[in-house]
>>> print(open('target.txt').read())   # compact mmCIF, C-alpha atoms
# COMPACT_ATOMS: atom_id res chain seq x y z
CA MET D 28 126.30 -109.62 -12.90
CA LYS D 29 128.31 -111.40 -10.20
CA GLN D 30 127.23 -114.10 -7.76
CA PHE D 31 128.27 -114.57 -4.13
CA VAL D 32 127.50 -116.89 -1.24
CA LEU D 33 127.28 -115.49 2.28
CA THR D 34 127.06 -117.41 5.53
CA PRO D 35 124.81 -115.97 8.25
CA ALA D 36 127.88 -114.70 10.13
CA ALA D 37 129.24 -112.96 7.03
CA GLY D 38 125.79 -111.49 6.47
CA LYS D 39 125.76 -110.09 9.99
CA ARG D 40 129.15 -108.48 9.46
CA LEU D 41 128.00 -107.02 6.14
CA ILE D 42 124.87 -105.57 7.73
CA GLY D 43 126.95 -104.14 10.57
CA LYS D 44 129.34 -102.39 8.20
CA ALA D 45 126.49 -100.81 6.27
CA ILE D 46 124.47 -99.76 9.32
CA ALA D 47 127.52 -97.77 10.47
CA LYS D 48 127.20 -95.74 7.24
CA HIS D 49 123.40 -95.36 7.30
CA ALA D 50 122.47 -91.67 7.02
CA ALA D 51 120.06 -91.72 9.98
CA VAL D 52 122.62 -93.48 12.17
CA VAL D 53 125.40 -91.06 11.21
CA LYS D 54 123.13 -88.11 12.00
CA ALA D 55 122.09 -89.56 15.37
CA LEU D 56 125.74 -90.15 16.29
CA LYS D 57 126.51 -86.49 15.65
CA LYS D 58 123.43 -84.75 17.01
CA GLY D 59 121.36 -87.17 19.06
CA THR D 60 121.12 -90.61 20.62
CA LEU D 61 121.58 -94.03 19.06
CA VAL D 62 120.33 -97.07 20.97
CA ILE D 63 121.59 -100.45 19.77
CA VAL D 64 119.41 -103.06 21.45
CA ALA D 65 121.33 -106.21 22.36
CA GLY D 66 121.12 -108.96 19.75
CA THR D 67 123.49 -111.08 17.70
CA THR D 68 123.21 -109.10 14.46
CA ASN D 69 123.23 -105.82 16.37
CA GLY D 70 126.47 -106.91 18.03
CA TYR D 71 128.21 -106.61 14.66
CA ALA D 72 126.61 -103.21 14.09
CA ALA D 73 127.79 -102.07 17.52
CA GLU D 74 131.35 -103.21 16.76
CA GLU D 75 131.45 -101.37 13.44
CA ILE D 76 129.96 -98.17 14.86
CA LEU D 77 132.16 -98.10 17.96
CA LYS D 78 135.24 -98.87 15.86
CA GLN D 79 134.32 -95.92 13.69
CA LEU D 80 134.08 -93.75 16.82
CA GLY D 81 137.36 -95.05 18.23
CA GLN D 82 135.56 -96.54 21.24
CA LEU D 83 135.55 -100.26 20.38
CA GLN D 84 137.69 -101.19 23.39
CA ALA D 85 134.73 -100.42 25.66
CA PHE D 86 132.49 -103.04 23.99
CA GLN D 87 132.16 -106.80 24.39
CA ARG D 88 130.10 -108.73 21.85
CA ASP D 89 130.03 -111.78 24.15
CA ASN D 90 126.64 -111.99 25.87
CA PHE D 91 125.31 -109.09 23.78
CA TYR D 92 121.86 -110.65 23.46
CA ARG D 93 118.84 -111.36 25.60
CA GLY D 94 117.54 -114.44 23.83
CA ILE D 95 118.96 -116.74 21.16
CA ILE D 96 117.84 -119.85 19.29
CA LEU D 97 120.14 -122.86 19.59
CA PRO D 98 120.07 -126.27 17.87
CA PRO D 99 118.14 -129.11 19.56
CA ASN D 100 121.32 -130.80 20.77
CA ARG D 101 122.26 -127.75 22.84
CA PRO D 102 120.78 -126.92 26.26
CA LYS D 103 117.88 -124.45 26.30
CA SER D 104 117.45 -124.72 22.56
CA ALA D 105 114.35 -122.52 22.43
CA ILE D 106 114.56 -118.76 22.46
CA GLY D 107 114.91 -117.53 26.02
CA ARG D 108 117.23 -116.15 28.65
CA SER D 109 119.90 -118.72 27.88
CA TYR D 110 122.80 -117.00 29.59
CA ASN D 111 123.98 -115.82 32.97
CA GLU D 112 122.34 -112.41 33.41
CA SER D 113 125.19 -111.28 35.65
CA ASN D 114 127.34 -111.30 32.48
CA PHE D 115 124.87 -109.33 30.36
CA PHE D 116 126.71 -106.41 28.82
CA GLY D 117 123.72 -104.11 28.46
CA ASP D 118 122.55 -102.31 25.35
CA VAL D 119 124.79 -99.86 23.51
CA VAL D 120 123.62 -96.28 24.08
CA ILE D 121 125.59 -93.58 22.27
CA GLU D 122 124.80 -89.95 23.05
CA HIS D 123 126.35 -87.28 20.80
CA GLY D 124 129.00 -89.76 19.72
CA VAL D 125 129.94 -90.93 23.21
CA PHE D 126 129.26 -94.50 24.37
CA GLN D 127 127.36 -94.48 27.66
CA LYS D 128 128.40 -97.76 29.24
CA GLY D 129 126.03 -99.71 31.46
CA LYS D 130 122.78 -98.29 30.07
CA THR D 131 119.85 -100.13 28.52
CA ILE D 132 116.93 -99.06 26.39
CA PHE D 133 114.66 -99.22 29.43
CA GLY D 134 116.62 -96.47 31.15
CA VAL D 135 116.81 -94.06 28.21
CA VAL D 136 113.72 -94.66 26.08
CA ASP D 137 111.62 -91.97 27.77
CA ASP D 138 114.19 -89.33 26.80
CA LEU D 139 114.40 -90.27 23.12
CA LYS D 140 113.05 -87.80 20.59
CA GLU D 141 112.66 -87.26 16.86
CA GLY D 142 116.07 -87.59 15.20
CA ASP D 143 117.17 -90.34 17.58
CA VAL D 144 117.48 -93.91 16.30
CA ILE D 145 116.84 -97.36 17.75
CA LEU D 146 118.40 -100.46 16.20
CA LYS D 147 116.43 -103.60 17.05
CA GLY D 148 116.85 -107.04 15.46
CA ALA D 149 114.05 -109.35 14.36
CA ASN D 150 113.25 -113.05 14.05
CA ALA D 151 111.18 -113.01 10.86
CA VAL D 152 111.26 -110.85 7.74
CA ASP D 153 108.85 -110.63 4.83
CA LEU D 154 111.03 -109.45 1.94
CA ILE D 155 108.10 -108.70 -0.36
CA GLN D 156 106.09 -106.55 2.05
CA ARG D 157 109.24 -105.16 3.70
CA ARG D 158 108.00 -106.05 7.17
CA ALA D 159 109.55 -107.78 10.17
CA ALA D 160 108.33 -109.51 13.30
CA ILE D 161 109.91 -110.29 16.65
CA LEU D 162 109.49 -113.32 18.89
CA ILE D 163 108.26 -112.25 22.31
CA GLY D 164 109.08 -114.11 25.50
CA ALA D 165 108.60 -111.36 28.10
CA PRO D 166 105.14 -110.61 29.54
CA LYS D 167 105.50 -106.89 28.73
CA ALA D 168 106.84 -107.50 25.21
CA GLY D 169 110.48 -106.93 26.16
CA THR D 170 112.67 -104.34 24.47
CA ILE D 171 110.37 -103.81 21.49
CA GLY D 172 107.54 -103.17 23.92
CA ALA D 173 109.68 -100.42 25.45
CA ALA D 174 110.74 -99.02 22.08
CA LEU D 175 107.41 -98.71 20.30
CA PRO D 176 105.97 -95.83 22.38
CA ALA D 177 108.98 -93.75 21.35
CA VAL D 178 108.74 -94.87 17.72
CA VAL D 179 105.01 -94.22 17.39
CA GLY D 180 104.57 -91.48 19.97
CA ARG D 181 107.67 -89.36 19.27
CA ARG D 182 108.79 -90.37 15.79
CA VAL D 183 112.03 -91.97 16.92
CA LYS D 184 113.36 -93.92 13.92
CA LEU D 185 113.38 -97.70 14.22
CA ILE D 186 115.82 -99.58 11.99
CA ILE D 187 115.58 -103.37 11.94
CA PRO D 188 118.83 -105.10 10.91
CA VAL D 189 117.81 -108.64 9.97
CA GLY D 190 119.53 -111.39 8.01
CA LEU D 191 118.00 -113.01 4.94
CA GLU D 192 118.03 -116.41 6.64
CA LYS D 193 115.07 -115.17 8.71
CA ARG D 194 112.77 -114.76 5.69
CA VAL D 195 109.21 -116.09 5.92
CA ASN D 196 106.50 -116.34 3.28
CA GLU D 197 103.22 -116.17 5.18
CA ASN D 198 101.41 -113.01 6.25
CA LEU D 199 103.02 -111.82 9.49
CA ASP D 200 99.74 -110.57 10.95
CA GLU D 201 98.12 -113.95 10.39
CA LEU D 202 101.09 -115.74 11.92
CA ALA D 203 100.95 -113.42 14.93
CA ALA D 204 97.24 -114.11 15.37
CA LYS D 205 97.99 -117.85 15.58
CA MET D 206 100.93 -117.50 17.94
CA ASN D 207 99.29 -114.94 20.23
CA ALA D 208 95.96 -116.74 20.56
CA PRO D 209 94.89 -117.85 24.07
CA GLY D 210 95.92 -121.45 24.65
CA ALA D 211 98.85 -121.37 22.23
CA GLN D 212 102.27 -122.43 23.49
CA GLY D 213 105.74 -120.99 22.99
CA PRO D 214 106.88 -117.44 22.21
CA ARG D 215 104.47 -114.84 20.92
CA LEU D 216 105.04 -112.85 17.73
CA MET D 217 104.87 -109.08 17.19
CA PRO D 218 104.97 -107.55 13.70
CA VAL D 219 106.60 -104.13 14.02
CA PRO D 220 106.88 -100.93 11.98
CA GLY D 221 110.36 -99.87 11.02
CA GLU D 222 112.97 -99.80 8.26
CA ILE D 223 114.01 -103.30 7.25
CA PHE D 224 117.75 -103.60 6.59
CA THR D 225 119.11 -106.86 5.13
CA GLU D 226 122.26 -107.90 3.30
CA LEU D 227 120.60 -106.70 0.08
CA ASP D 228 120.21 -103.20 1.49
CA ALA D 229 123.75 -103.30 2.83
CA ILE D 230 125.25 -104.05 -0.58
CA GLU D 231 123.24 -101.27 -2.22
CA LEU D 232 124.16 -98.72 0.45
CA LEU D 233 127.89 -99.51 0.41
CA THR D 234 128.43 -100.04 -3.32
CA GLY D 235 125.43 -98.75 -5.26
CA ALA D 236 124.92 -102.18 -6.84
CA ALA D 237 121.57 -103.99 -6.76
CA ALA D 238 121.48 -107.39 -5.04
CA SER D 239 118.92 -110.18 -5.33
CA LEU D 240 118.43 -113.37 -3.34
CA ILE D 241 118.50 -116.21 -5.87
CA ALA D 242 119.12 -119.37 -3.80
CA ALA D 243 119.89 -120.47 -0.26
CA GLY D 244 121.18 -123.26 1.94
CA GLY D 245 124.31 -125.31 2.41
CA VAL D 246 126.04 -127.88 4.60
CA SER D 247 129.24 -128.31 6.64
CA GLY D 248 129.12 -124.81 8.06
CA ALA D 249 127.22 -123.22 5.17
CA GLU D 250 123.80 -123.95 6.69
CA GLY D 251 121.57 -120.90 6.41
CA SER D 252 123.74 -119.37 3.70
CA VAL D 253 122.28 -117.18 0.96
CA TRP D 254 123.24 -116.99 -2.72
CA LEU D 255 123.15 -113.46 -4.06
CA ALA D 256 123.21 -112.01 -7.57
CA VAL D 257 124.75 -108.53 -7.66
CA SER D 258 124.50 -106.26 -10.68
CA GLY D 259 125.38 -102.68 -11.50
CA LYS D 260 127.97 -100.60 -13.27
CA PRO D 261 131.42 -102.26 -13.56
CA ALA D 262 132.81 -100.11 -10.75
CA GLN D 263 129.85 -100.99 -8.51
CA GLU D 264 130.22 -104.71 -9.15
CA LYS D 265 133.95 -104.47 -8.48
CA ALA D 266 133.25 -102.63 -5.21
CA ALA D 267 130.73 -105.30 -4.21
CA GLU D 268 133.24 -108.05 -4.94
CA ALA D 269 135.90 -106.35 -2.82
CA LEU D 270 133.40 -105.77 -0.01
CA ILE D 271 132.24 -109.37 0.09
CA LYS D 272 135.82 -110.67 -0.08
CA SER D 273 136.53 -108.62 3.04
CA ILE D 274 133.79 -110.33 5.09
CA VAL D 275 133.22 -113.71 3.46
CA ASN D 276 135.39 -115.61 5.98
CA GLU D 277 133.72 -114.13 9.06
CA PRO D 278 133.83 -116.84 11.80
CA ALA D 279 130.56 -118.40 12.87
CA PHE D 280 128.90 -116.90 15.91
CA ASN D 281 130.19 -118.77 18.95
CA PHE D 282 127.91 -119.36 21.94
>>> encode(input="target.txt", output="structure tokens")
Amino acid sequence: MKQFVLTPAAGKRLIGKAIAKHAAVVKALKKGTLVIVAGTTNGYAAEEILKQLGQLQAFQRDNFYRGIILPPNRPKSAIGRSYNESNFFGDVVIEHGVFQKGKTIFGVVDDLKEGDVILKGANAVDLIQRRAAILIGAPKAGTIGAALPAVVGRRVKLIIPVGLEKRVNENLDELAAKMNAPGAQGPRLMPVPGEIFTELDAIELLTGAAASLIAAGGVSGAEGSVWLAVSGKPAQEKAAEALIKSIVNEPAFNF
């Protein structure tokens, strides 16, 4: 068994690398449509996928989000439209392996069908129940509100890349009931169906080793970090060590 510490940025890069190898994503790239909804973690996934396709030069990770959470000493610290919308890149829509620049999920969702895939990030993840939830600021539930009719109505696959730093312990439905109640303030919360994909899943997919979250936290740039125990056959552990060495110094996300 080996132990590793990952910052949130390194975790995002790890998730991105693994999502690019996910069987459903690979299939959608060849035979269907992949929609990568703008978000910070999804930005890493978009980079890895477009690099794999040889189309990375057409992508800009800057402003690839619709809402972010900032520390209290930064302006607009709550989740919201904290950027100049004229600079918004759009979502990443890839049809039969070709990046369709300038499109968003709102413009393509009605054409999605079984076999297509949507990548959508989350703000909370229950690791035990394998469920995620998304903070909602838009009156029509934003991009997840657009995605769910395709997911439920047409069996489009929803994959939810989400970092371990977003783990919560309480029941997501009960939390949503509190946050969505009339008279409550702040963002709403929507638990969503879909395949949860964390750093633990990324390590297993890329190396075959099993990973467990055993501790968390840090200071001086390690805030939000996770401590992982990785075990498997010697070759799997060696592959995990090489993988994590390749991403461990990922720079922090810069806003």
>>> residues_around(input="target.txt", residues="D:Ile42", least_positions_apart="3", cutoff="12 Å", atoms="only C-alpha atoms", output="NGL selection string")
:D and (33 or 35-39 or 45-49 or 67-76 or 146 or 148 or 186-191 or 223-233 or 270-271 or 274)
>>> atom_distance(input="target.txt", atom1="atom CA of D:Gln84", atom2="atom CA of D:Glu122")
17.1 Å
>>> closest_residue(input="target.txt", among="D:Ile145, D:Val179, D:Val125, D:Leu199", to="D:Ala159", atoms="only C-alpha atoms")
D:Leu199
>>> closest_residue(input="target.txt", among="D:Ala151, D:Ala160, D:Ala211, D:Val62", to="D:Gly134", atoms="only C-alpha atoms")
D:Val62
>>> closest_residue(input="target.txt", among="D:Lys78, D:Lys54, D:Arg93, D:Lys272", to="D:Gly169", atoms="only C-alpha atoms")
D:Arg93
